[in-house]
Each structure stands twice: as structure tokens, then as C-alpha cells.
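Asks: What follows is the file work25.json, containing JSON, C-alpha atoms:
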```
[["chain", "number", "residue", "atom", "x", "y", "z"],
["I", 1, "MET", "CA", 74.96, 110.24, 124.00],
["I", 2, "ALA", "CA", 73.13, 107.08, 122.90],
["I", 3, "PHE", "CA", 71.15, 106.98, 119.67],
["I", 4, "LYS", "CA", 69.40, 104.15, 117.83],
["I", 5, "LYS", "CA", 68.16, 104.25, 114.27],
["I", 6, "ILE", "CA", 64.95, 102.32, 113.66],
["I", 7, "GLU", "CA", 64.87, 100.53, 110.33],
["I", 8, "LYS", "CA", 61.14, 101.09, 110.01],
["I", 9, "GLU", "CA", 59.81, 103.65, 107.55],
["I", 10, "PHE", "CA", 57.18, 106.10, 108.78],
["I", 11, "CYS", "CA", 54.80, 108.22, 106.71],
["I", 12, "LEU", "CA", 55.31, 111.72, 108.10],
["I", 13, "SER", "CA", 52.70, 113.48, 105.96],
["I", 14, "ASP", "CA", 50.43, 113.01, 102.95],
["I", 15, "ASP", "CA", 47.73, 114.88, 101.01],
["I", 16, "SER", "CA", 44.79, 113.68, 103.14],
["I", 17, "VAL", "CA", 42.52, 115.83, 105.33],
["I", 18, "ASN", "CA", 43.71, 115.88, 108.96],
["I", 19, "VAL", "CA", 41.50, 115.98, 112.07],
["I", 20, "TYR", "CA", 41.57, 119.77, 112.11],
["I", 21, "GLY", "CA", 39.86, 119.90, 108.74],
["I", 22, "TYR", "CA", 42.70, 121.25, 106.61],
["I", 23, "ARG", "CA", 45.26, 119.43, 104.47],
["I", 24, "LEU", "CA", 48.90, 119.86, 103.44],
["I", 25, "LEU", "CA", 49.87, 119.26, 99.82],
["I", 26, "THR", "CA", 52.99, 117.14, 99.64],
["I", 27, "SER", "CA", 53.79, 118.76, 96.28],
["I", 28, "GLY", "CA", 54.19, 122.09, 98.10],
["I", 29, "LEU", "CA", 56.46, 120.78, 100.87],
["I", 30, "GLN", "CA", 59.77, 122.67, 100.99],
["I", 31, "LEU", "CA", 61.71, 119.75, 102.41],
["I", 32, "GLU", "CA", 65.04, 121.61, 102.35],
["I", 33, "ARG", "CA", 63.67, 123.98, 105.02],
["I", 34, "PHE", "CA", 62.88, 121.12, 107.43],
["I", 35, "THR", "CA", 66.24, 121.46, 109.12],
["I", 36, "PRO", "CA", 67.32, 120.11, 111.45],
["I", 37, "PRO", "CA", 64.79, 117.31, 110.82],
["I", 38, "ILE", "CA", 63.99, 116.65, 114.48],
["I", 39, "GLY", "CA", 60.92, 115.66, 116.46],
["I", 40, "PHE", "CA", 59.58, 115.40, 119.99],
["I", 41, "LEU", "CA", 57.54, 112.75, 121.80],
["I", 42, "MET", "CA", 53.83, 113.60, 121.49],
["I", 43, "HIS", "CA", 54.77, 117.18, 120.48],
["I", 44, "ASP", "CA", 56.11, 117.89, 123.98],
["I", 45, "ARG", "CA", 59.09, 120.17, 123.38],
["I", 46, "ASP", "CA", 59.78, 120.63, 127.09],
["I", 47, "LYS", "CA", 61.04, 117.03, 127.41],
["I", 48, "GLY", "CA", 63.68, 117.50, 124.72],
["I", 49, "VAL", "CA", 64.33, 116.16, 121.22],
["I", 50, "ALA", "CA", 63.21, 112.53, 120.92],
["I", 51, "VAL", "CA", 64.06, 111.72, 117.30],
["I", 52, "ARG", "CA", 66.06, 112.85, 114.30],
["I", 53, "TRP", "CA", 64.54, 111.85, 110.96],
["I", 54, "GLU", "CA", 66.81, 110.21, 108.41],
["I", 55, "ASP", "CA", 66.44, 108.88, 104.86],
["I", 56, "LEU", "CA", 63.72, 111.46, 104.13],
["I", 57, "GLN", "CA", 62.14, 111.06, 100.71],
["I", 58, "ILE", "CA", 58.92, 111.86, 98.89],
["I", 59, "ARG", "CA", 57.12, 109.03, 97.09],
["I", 60, "ASP", "CA", 53.60, 108.75, 95.70],
["I", 61, "GLY", "CA", 52.43, 111.96, 97.36],
["I", 62, "CYS", "CA", 53.80, 111.03, 100.81],
["I", 63, "LEU", "CA", 56.79, 112.11, 102.88],
["I", 64, "TYR", "CA", 58.65, 109.12, 104.37],
["I", 65, "GLY", "CA", 61.48, 108.89, 106.87],
["I", 66, "LYS", "CA", 63.16, 106.67, 109.47],
["I", 67, "PRO", "CA", 63.55, 107.79, 113.11],
["I", 68, "CYS", "CA", 66.86, 107.85, 114.94],
["I", 69, "VAL", "CA", 65.83, 107.77, 118.62],
["I", 70, "ASN", "CA", 67.57, 109.73, 121.39],
["I", 71, "GLU", "CA", 68.00, 106.90, 123.90],
["I", 72, "THR", "CA", 69.81, 109.18, 126.36],
["I", 73, "LEU", "CA", 66.74, 111.32, 127.04],
["I", 74, "PHE", "CA", 64.18, 108.61, 126.24],
["I", 75, "PRO", "CA", 65.48, 105.22, 127.39],
["I", 76, "GLY", "CA", 63.29, 102.42, 126.12],
["I", 77, "LEU", "CA", 61.57, 104.55, 123.48],
["I", 78, "ALA", "CA", 63.33, 102.83, 120.59],
["I", 79, "GLN", "CA", 62.05, 99.44, 121.76],
["I", 80, "GLN", "CA", 58.51, 100.84, 122.11],
["I", 81, "VAL", "CA", 58.71, 102.17, 118.55],
["I", 82, "GLU", "CA", 59.97, 98.83, 117.25],
["I", 83, "ASP", "CA", 57.21, 97.01, 119.15],
["I", 84, "GLY", "CA", 54.53, 99.30, 117.71],
["I", 85, "PHE", "CA", 53.47, 101.14, 120.88],
["I", 86, "TYR", "CA", 54.46, 104.41, 119.21],
["I", 87, "ALA", "CA", 53.50, 103.63, 115.65],
["I", 88, "ALA", "CA", 52.93, 106.98, 113.96],
["I", 89, "ALA", "CA", 54.53, 110.31, 113.11],
["I", 90, "SER", "CA", 52.88, 113.73, 113.21],
["I", 91, "VAL", "CA", 54.23, 116.96, 111.72],
["I", 92, "GLY", "CA", 53.98, 119.92, 114.09],
["I", 93, "HIS", "CA", 54.60, 123.67, 114.15],
["I", 94, "ILE", "CA", 53.69, 123.89, 110.49],
["I", 95, "VAL", "CA", 54.79, 127.04, 108.67],
["I", 96, "ALA", "CA", 52.17, 127.76, 106.00],
["I", 97, "LEU", "CA", 53.61, 129.86, 103.19],
["I", 98, "LYS", "CA", 50.62, 129.77, 100.84],
["I", 99, "MET", "CA", 47.01, 128.69, 101.45],
["I", 100, "THR", "CA", 43.76, 128.68, 99.50],
["I", 101, "ASP", "CA", 40.03, 128.12, 100.04],
["I", 102, "ASP", "CA", 39.53, 127.37, 96.34],
["I", 103, "PRO", "CA", 36.96, 124.53, 96.07],
["I", 104, "VAL", "CA", 39.05, 122.91, 93.34],
["I", 105, "TYR", "CA", 41.42, 121.69, 96.07],
["I", 106, "GLN", "CA", 38.70, 120.64, 98.54],
["I", 107, "LEU", "CA", 38.25, 116.96, 99.43],
["I", 108, "GLU", "CA", 35.24, 115.33, 101.07],
["I", 109, "GLY", "CA", 35.10, 116.22, 104.76],
["I", 110, "GLN", "CA", 37.50, 119.15, 104.41],
["I", 111, "THR", "CA", 36.40, 122.22, 106.39],
["I", 112, "GLY", "CA", 39.64, 124.20, 106.44],
["I", 113, "PRO", "CA", 42.04, 125.56, 103.83],
["I", 114, "THR", "CA", 44.41, 123.68, 101.55],
["I", 115, "VAL", "CA", 48.02, 124.55, 102.33],
["I", 116, "LEU", "CA", 49.79, 124.83, 98.99],
["I", 117, "GLU", "CA", 53.31, 125.64, 100.22],
["I", 118, "TRP", "CA", 54.66, 124.78, 103.67],
["I", 119, "PHE", "CA", 57.30, 123.13, 105.82],
["I", 120, "PRO", "CA", 57.35, 121.75, 109.41],
["I", 121, "ARG", "CA", 59.71, 122.76, 112.18],
["I", 122, "GLU", "CA", 59.38, 119.34, 113.86],
["I", 123, "CYS", "CA", 57.78, 115.93, 113.37],
["I", 124, "SER", "CA", 56.91, 114.02, 116.54],
["I", 125, "ILE", "CA", 56.63, 110.36, 117.36],
["I", 126, "VAL", "CA", 53.02, 109.77, 118.52],
["I", 127, "ASP", "CA", 50.86, 106.88, 119.63],
["I", 128, "ILE", "CA", 47.69, 107.47, 117.61],
["I", 129, "PRO", "CA", 47.75, 108.04, 113.82],
["I", 130, "GLY", "CA", 45.66, 110.85, 112.40],
["I", 131, "ASN", "CA", 46.81, 113.64, 114.74],
["I", 132, "TYR", "CA", 44.10, 113.06, 117.36],
["I", 133, "ASN", "CA", 46.45, 114.21, 120.15],
["I", 134, "ALA", "CA", 48.59, 116.58, 118.12],
["I", 135, "ILE", "CA", 48.29, 120.33, 118.34],
["I", 136, "ALA", "CA", 49.05, 120.68, 114.64],
["I", 137, "ARG", "CA", 48.46, 124.39, 114.16],
["I", 138, "LEU", "CA", 49.42, 126.62, 111.28],
["I", 139, "TYR", "CA", 51.96, 129.43, 111.64],
["I", 140, "ASP", "CA", 53.33, 132.07, 109.30],
["I", 141, "GLU", "CA", 57.06, 132.65, 108.81],
["I", 142, "ALA", "CA", 57.12, 135.04, 111.80],
["I", 143, "ASP", "CA", 55.69, 132.26, 114.05],
["I", 144, "ASN", "CA", 52.26, 133.91, 114.38],
["I", 145, "LEU", "CA", 49.31, 131.54, 114.69],
["I", 146, "LEU", "CA", 47.45, 131.99, 111.42],
["I", 147, "HIS", "CA", 43.98, 131.23, 112.75],
["I", 148, "ASP", "CA", 44.54, 133.73, 115.58],
["I", 149, "LEU", "CA", 45.38, 136.59, 113.20],
["I", 150, "THR", "CA", 42.81, 139.20, 112.23],
["I", 151, "ASP", "CA", 41.43, 138.65, 108.76],
["I", 152, "LYS", "CA", 42.71, 141.55, 106.69],
["I", 153, "ARG", "CA", 40.16, 141.05, 103.90],
["I", 154, "PHE", "CA", 37.49, 143.69, 104.51],
["I", 155, "ASN", "CA", 34.31, 143.96, 102.51],
["I", 156, "MET", "CA", 33.94, 147.72, 102.21],
["I", 157, "ASP", "CA", 30.45, 147.41, 100.78],
["I", 158, "LYS", "CA", 29.32, 145.94, 104.08],
["I", 159, "LYS", "CA", 30.13, 149.22, 105.83],
["I", 160, "THR", "CA", 28.50, 151.44, 103.21],
["I", 161, "ILE", "CA", 25.26, 153.07, 104.35],
["I", 162, "GLU", "CA", 22.70, 153.38, 101.61],
["I", 163, "VAL", "CA", 20.50, 156.43, 101.88],
["I", 164, "GLU", "CA", 17.34, 154.86, 100.48],
["I", 165, "ALA", "CA", 17.57, 151.78, 102.71],
["I", 166, "LEU", "CA", 17.71, 153.99, 105.80],
["I", 167, "GLY", "CA", 14.96, 156.35, 104.63],
["I", 168, "LEU", "CA", 17.07, 159.50, 104.36],
["I", 169, "PRO", "CA", 14.85, 162.18, 102.79],
["I", 170, "ASN", "CA", 15.92, 163.59, 99.45],
["I", 171, "LEU", "CA", 17.48, 166.99, 99.94],
["I", 172, "SER", "CA", 16.79, 169.64, 97.37],
["I", 173, "ALA", "CA", 19.30, 172.16, 96.19],
["I", 174, "GLU", "CA", 17.59, 174.70, 98.44],
["I", 175, "ALA", "CA", 18.08, 172.67, 101.61],
["I", 176, "SER", "CA", 19.51, 174.67, 104.48],
["I", 177, "ALA", "CA", 22.57, 173.76, 106.51],
["I", 178, "GLU", "CA", 20.22, 172.87, 109.36],
["I", 179, "ASP", "CA", 18.30, 170.48, 107.08],
["I", 180, "VAL", "CA", 21.55, 168.77, 106.13],
["I", 181, "ARG", "CA", 22.67, 168.47, 109.78],
["I", 182, "ASN", "CA", 19.30, 166.99, 110.79],
["I", 183, "ALA", "CA", 19.37, 164.51, 107.92],
["I", 184, "ILE", "CA", 22.88, 163.40, 108.89],
["I", 185, "SER", "CA", 21.87, 163.07, 112.56],
["I", 186, "ASP", "CA", 18.93, 160.85, 111.57],
["I", 187, "LEU", "CA", 21.26, 158.78, 109.41],
["I", 188, "VAL", "CA", 23.76, 158.28, 112.24],
["I", 189, "ALA", "CA", 21.01, 157.31, 114.71],
["I", 190, "LYS", "CA", 19.53, 154.75, 112.34],
["I", 191, "ALA", "CA", 22.97, 153.35, 111.54],
["I", 192, "ALA", "CA", 23.65, 152.96, 115.27],
["I", 193, "ARG", "CA", 20.41, 151.03, 115.73],
["I", 194, "THR", "CA", 21.30, 148.79, 112.78],
["I", 195, "ASP", "CA", 24.78, 148.08, 114.17],
["I", 196, "THR", "CA", 23.31, 147.25, 117.58],
["I", 197, "ALA", "CA", 20.82, 144.79, 116.09],
["I", 198, "GLU", "CA", 23.53, 143.15, 113.98],
["I", 199, "GLN", "CA", 25.80, 142.85, 117.01],
["I", 200, "ALA", "CA", 23.02, 141.31, 119.10],
["I", 201, "LEU", "CA", 22.35, 138.75, 116.38],
["I", 202, "ALA", "CA", 26.06, 137.97, 116.07],
["I", 203, "ASP", "CA", 26.35, 137.54, 119.87],
["I", 204, "LEU", "CA", 23.36, 135.18, 119.90],
["I", 205, "LYS", "CA", 24.82, 133.06, 117.10],
["I", 206, "ALA", "CA", 28.17, 132.91, 118.90],
["I", 207, "THR", "CA", 26.50, 131.83, 122.17],
["I", 208, "VAL", "CA", 24.50, 129.08, 120.46],
["I", 209, "ALA", "CA", 27.60, 127.84, 118.62],
["I", 210, "LYS", "CA", 29.62, 127.81, 121.84],
["I", 211, "GLU", "CA", 26.96, 125.78, 123.68],
["I", 212, "LYS", "CA", 26.80, 123.25, 120.82],
["I", 213, "VAL", "CA", 30.59, 122.91, 120.70],
["I", 214, "GLU", "CA", 30.84, 122.42, 124.48],
["I", 215, "ALA", "CA", 28.11, 119.75, 124.39],
["I", 216, "LEU", "CA", 29.85, 117.89, 121.54],
["I", 217, "ILE", "CA", 33.21, 118.03, 123.33],
["I", 218, "ALA", "CA", 31.69, 116.82, 126.61],
["I", 219, "SER", "CA", 30.06, 113.87, 124.82],
["I", 220, "ALA", "CA", 33.32, 112.96, 123.06],
["I", 221, "LEU", "CA", 35.23, 113.08, 126.34],
["I", 222, "ALA", "CA", 32.65, 110.84, 127.99],
["I", 223, "ASP", "CA", 33.01, 108.33, 125.13],
["I", 224, "HIS", "CA", 36.82, 108.49, 125.40],
["I", 225, "ARG", "CA", 37.11, 109.67, 121.81],
["I", 226, "LEU", "CA", 39.35, 112.58, 122.86],
["I", 227, "THR", "CA", 42.06, 113.33, 125.38],
["I", 228, "ALA", "CA", 41.71, 116.48, 127.48],
["I", 229, "GLU", "CA", 44.48, 118.15, 125.47],
["I", 230, "ALA", "CA", 42.86, 117.37, 122.12],
["I", 231, "ALA", "CA", 39.47, 118.51, 123.46],
["I", 232, "GLU", "CA", 40.83, 121.94, 124.39],
["I", 233, "ALA", "CA", 42.46, 122.36, 120.98],
["I", 234, "LEU", "CA", 39.33, 121.34, 119.07],
["I", 235, "LYS", "CA", 37.12, 123.53, 121.26],
["I", 236, "LYS", "CA", 39.23, 126.52, 120.23],
["I", 237, "ASP", "CA", 39.62, 125.63, 116.55],
["I", 238, "TYR", "CA", 35.90, 124.84, 116.07],
["I", 239, "ALA", "CA", 34.50, 127.55, 118.39],
["I", 240, "GLU", "CA", 32.31, 128.92, 115.59],
["I", 241, "ASN", "CA", 31.83, 125.72, 113.60],
["I", 242, "PRO", "CA", 29.83, 123.12, 115.59],
["I", 243, "GLU", "CA", 28.70, 121.42, 112.37],
["I", 244, "GLY", "CA", 32.29, 120.84, 111.30],
["I", 245, "LEU", "CA", 33.18, 119.58, 114.79],
["I", 246, "LYS", "CA", 30.25, 117.14, 114.79],
["I", 247, "ALA", "CA", 31.28, 115.77, 111.38],
["I", 248, "LEU", "CA", 34.82, 115.27, 112.68],
["I", 249, "LEU", "CA", 33.80, 113.64, 115.98],
["I", 250, "ASP", "CA", 31.35, 111.30, 114.23],
["I", 251, "LYS", "CA", 34.33, 109.74, 112.44],
["I", 252, "MET", "CA", 36.18, 109.03, 115.69],
["I", 253, "PRO", "CA", 35.49, 105.63, 117.28],
["I", 254, "VAL", "CA", 34.40, 105.29, 120.90],
["I", 255, "GLN", "CA", 37.42, 104.09, 122.88],
["I", 256, "GLN", "CA", 37.25, 101.47, 125.60],
["I", 257, "THR", "CA", 39.48, 102.38, 128.54],
["I", 258, "ILE", "CA", 41.61, 99.86, 130.40],
["I", 259, "ALA", "CA", 39.25, 100.24, 133.36],
["I", 260, "ASP", "CA", 36.33, 99.16, 131.14],
["I", 261, "ARG", "CA", 38.20, 96.04, 130.03],
["I", 262, "LEU", "CA", 39.22, 94.81, 133.46],
["I", 263, "GLU", "CA", 37.11, 92.09, 135.07],
["I", 264, "THR", "CA", 37.81, 93.45, 138.58],
["I", 265, "LYS", "CA", 36.93, 97.12, 139.03],
["I", 266, "VAL", "CA", 39.98, 99.17, 139.98],
["I", 267, "PRO", "CA", 39.43, 101.92, 142.59],
["I", 268, "GLU", "CA", 39.39, 105.46, 141.26],
["I", 269, "LYS", "CA", 42.39, 106.40, 143.42],
["I", 270, "TYR", "CA", 44.61, 104.12, 141.30],
["I", 271, "LEU", "CA", 43.29, 105.02, 137.86],
["I", 272, "GLY", "CA", 45.35, 107.50, 135.90],
["I", 273, "LYS", "CA", 48.48, 107.01, 138.02],
["I", 274, "THR", "CA", 51.71, 105.72, 136.53],
["I", 275, "TRP", "CA", 53.78, 102.76, 137.78],
["I", 276, "GLN", "CA", 56.29, 105.22, 139.24],
["I", 277, "GLU", "CA", 53.62, 107.23, 141.07],
["I", 278, "LEU", "CA", 52.08, 104.13, 142.63],
["I", 279, "TYR", "CA", 55.52, 102.84, 143.62],
["I", 280, "ALA", "CA", 56.43, 106.15, 145.25],
["I", 281, "SER", "CA", 53.18, 106.29, 147.21],
["I", 282, "GLY", "CA", 53.52, 102.67, 148.45],
["I", 283, "GLU", "CA", 50.29, 101.61, 146.68],
["I", 284, "LEU", "CA", 51.87, 99.43, 144.01],
["I", 285, "GLU", "CA", 51.92, 96.29, 146.15],
["I", 286, "ASP", "CA", 48.17, 96.58, 146.78],
["I", 287, "VAL", "CA", 47.56, 96.93, 143.03],
["I", 288, "LYS", "CA", 49.79, 93.91, 142.32],
["I", 289, "LYS", "CA", 48.01, 91.79, 144.91],
["I", 290, "ASN", "CA", 44.38, 92.75, 144.31],
["I", 291, "TYR", "CA", 44.30, 93.96, 140.70],
["I", 292, "PRO", "CA", 46.84, 91.84, 138.77],
["I", 293, "ASP", "CA", 45.45, 92.68, 135.31],
["I", 294, "TYR", "CA", 45.83, 96.40, 135.96],
["I", 295, "TYR", "CA", 49.28, 95.76, 137.44],
["I", 296, "ARG", "CA", 50.36, 94.00, 134.23],
["I", 297, "HIS", "CA", 48.93, 96.85, 132.16],
["I", 298, "LEU", "CA", 50.97, 99.41, 134.12],
["I", 299, "LYS", "CA", 54.11, 97.27, 133.88],
["I", 300, "GLU", "CA", 53.81, 97.01, 130.10],
["I", 301, "ARG", "CA", 53.61, 100.82, 129.84],
["I", 302, "CYS", "CA", 56.82, 101.40, 131.82]]
```
Represent the structure from my file as C-alpha cells, please.

Replies:
Amino acid sequence: MAFKKIEKEFCLSDDSVNVYGYRLLTSGLQLERFTPPIGFLMHDRDKGVAVRWEDLQIRDGCLYGKPCVNETLFPGLAQQVEDGFYAAASVGHIVALKMTDDPVYQLEGQTGPTVLEWFPRECSIVDIPGNYNAIARLYDEADNLLHDLTDKRFNMDKKTIEVEALGLPNLSAEASAEDVRNAISDLVAKAARTDTAEQALADLKATVAKEKVEALIASALADHRLTAEAAEALKKDYAENPEGLKALLDKMPVQQTIADRLETKVPEKYLGKTWQELYASGELEDVKKNYPDYYRHLKERC
């Protein structure tokens, strides 16, 4: 097995708001539970462990560490890290032990909770700082996705039916059993109509929010502000919060693709393919001959 330690310190996490709207307090990090301190490449566990973090320490509200790269599984990755092509770290599979919505912890632009106590199960090497491509979701200690769990905080008053509001007639002490049954039947019928109206309003709000979110995501994809993977994650996380999604996307710069920068337009059939794919299909020579700038771009990414 070949490993190479990079003598370059990375900031693995700090107290700032991430792109998903929540933030992790470094003061609540249980660093001793981040064991083994490993990470993947772009959070892709299927490709194997890419790094082991060494010299971990907390300073000035930040967690720092140095990556030891698994050169056996990822040949050339260490050089790419040293050259700055992979220049950031991103904590993933975050186990949230204690969270709060208390405004006292809220920072400007924060739309999600503040995680007071937590630890990560991995910290990946990534290309873009700020978690734009990371699926940095919150889990509990049983590995359940926290934002997929049913909210157990019920407002019982919301389900209480008030007699006066529904027009239930006052029953005297002499009221017959039939009078009571009729009054209850009227109450149930009116409650059913109320529930139906509330559900219809909720469905309409959800539909409008979904359409706004899809339009925002489509615009961000067209401007190259998001990858397809990040778009799917944000679409799910902000399904009911288009305002929060818009505020987040407005902070992301429009990206210029390699195709936009090339003087000679590259055919669509070549775009998106790797050096290896073009070589295997026999198309690489045509790219080298007719589109040298794109050829050099692909070669640099090998």
C-alpha cells in the first residue's frame, strides 16, 4: 500500500453557515468520536477511502488537519492536492447530537438549525470550498436522516375544536340524547369541512413552492452554478423553502464552462467525456488535431 502525507493544512470545519443553511459549532465538536479520521474523494464512498487525516487540532474556532493520501487507490491524487486542484475539505455524514433553532445562535443568511454537539464520520477531499457539491446531511446516532424524520412536536391546541367557533348550539340540561347526537354530528361534519379546506390550502402552497424551487434550480443549472448532484440535494432540502433557496443561489457565482472559454467550439459529442473515454472510443486523435485547447484541458485533468 502506498500513502503520502501532504504537508498542507486544511480547514475541515468552522462556525460559518454552510450552503445548506445550517452551521456546526466547533465548540461542540466531539473530536474523539471522529475515528478513524478518514475521508473519501468528493464524498464518494463507493470508490474507497482516499485520505486519512492527521495532526488534527482545533484553533480559533476551526478544525484543522493534514491529509495522508491513499496513492494505491487514487494514483496522482496527492500531486493534484499539492497543486491545488483539490483544495478543500468537507465534513460528511454528520452525526448531530444536539441542535437548536434559538435565534441567539443564528447568523445572517442562516435558514437552518445550529448544531451544538456533533461529530463527522468522514471528511472528504473536494474541489470546491463551501460544500457546493457535498451532500452534507445531518444524521442522528442511529444513522437516521434528521430532516427526513417526522417532527414529534405536536401542537395539541391546533387539533382542538372550539364549540363557539363551529357554531355548536348550547345544550341545556334538559337536552335529549338525540339532541346531543345531532349536535355532535353537526360538529363532526363542520370539522371535516374545515380539515378539507385546510388541506386544500396546504396542497396549493406546496405546489406553488415546488414550482418556484424547480424554476430556481433550472436557472442555476443553466448558469452552471450547480452540478446535477448538488441540484438534486438542494431541491429536496429546500422543497418547502423557495425563499431560502433563492437567497442561497444568489450568493453563488455564475460559472463559465470550459466550452464557453474555448475559441473553437467543441462538438457536443465530445463535451463531458473524459480522456479515457475518448481514447477508448478512438475519438481522442480527432480532438487533439482539431480542438487542441480542449485536448490540453482534458490532459491536465488526467

Asks: Using atom CA of I:Lys212 and atom CA of I:Val19 as the two end points, give the distance in Å to one decimal.

Replies: 18.6 Å

Asks: For atom CA of I:Leu63 and atom CA of I:Glu9, determine how far apart the two atoms are, in Å to one decimal place.

Replies: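 Value for the atom CA of I:Leu63-atom CA of I:Glu9 distance: 10.1 Å.
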
Asks: I need the residue nearest I:Asn144 from this list: I:Leu271, I:Cys68, I:Val95, I:Leu245. Use all atoms listed in the file for the distance.

Replies: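 Nearest to I:Asn144: I:Val95.
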
Asks: Just how far from atom CA of I:Gly272 is atom CA of I:Phe10, in Å to one decimal?

Replies: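 The value is 29.6 Å.
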
Asks: Find the residues near stretch 105-120 of chain I: any atom within 10 Å, counting all atoms listed in the file, skip ones fewer than 2 places away on the same chain, and give them as an MDAnalysis selection string.

Replies: chainID I and resid 15:35 37:39 90:103 122:123 136 138:141 241 243:245 247:248

Asks: Nearest to I:His43: which of I:Arg121, I:Lys246, I:Lys8, I:Lys66 is it, counting only C-alpha atoms?

Replies: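 Using only C-alpha atoms, the shortest distance to I:His43 belongs to I:Arg121.
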
Asks: Given all atoms listed in the file as the basis, pick out the residue of I:Leu278, I:Ile58, I:Ala231, I:Ala218 nearest to I:Tyr294.

Replies: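 Selected residue with least distance to I:Tyr294: I:Leu278.
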
Asks: Show me, as a list of chain:residue names, the residues that have an atom within 10 Å of I:Lys299 when counting only C-alpha atoms, minus same-chain residues fewer than 5 positions from it.

Replies: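 Non-adjacent residues within range: I:Thr274, I:Trp275, I:Gln276, I:Asp293, I:Tyr294.
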
Asks: Quick one: what's the axis-aligned box for stretch 1-5 of chain I, all listed atoms, 8 Å on every side, centre and edges in Å to one decimal, as JSON?

Replies:
```
{"center_x": 71.6, "center_y": 107.2, "center_z": 119.1, "size_x": 22.8, "size_y": 22.1, "size_z": 25.7}
```

Asks: With only C-alpha atoms as the atoms that count, which of I:Asp127, I:Asp55, I:Glu71, I:Glu268 lies nearest to I:Tyr86?

Replies: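 Nearest to I:Tyr86: I:Asp127.
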
Asks: Considering only C-alpha atoms, state which residue in the set I:Ala88, I:Tyr295, I:Asp250, I:Glu82 is at the smallest distance from I:Leu41.

Replies: I:Ala88

Asks: Using only C-alpha atoms, which residue out of I:Leu221, I:Tyr64, I:Leu204, I:Ala228 lies closest to I:Met252?

Replies: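 The closest residue to I:Met252 is I:Leu221.
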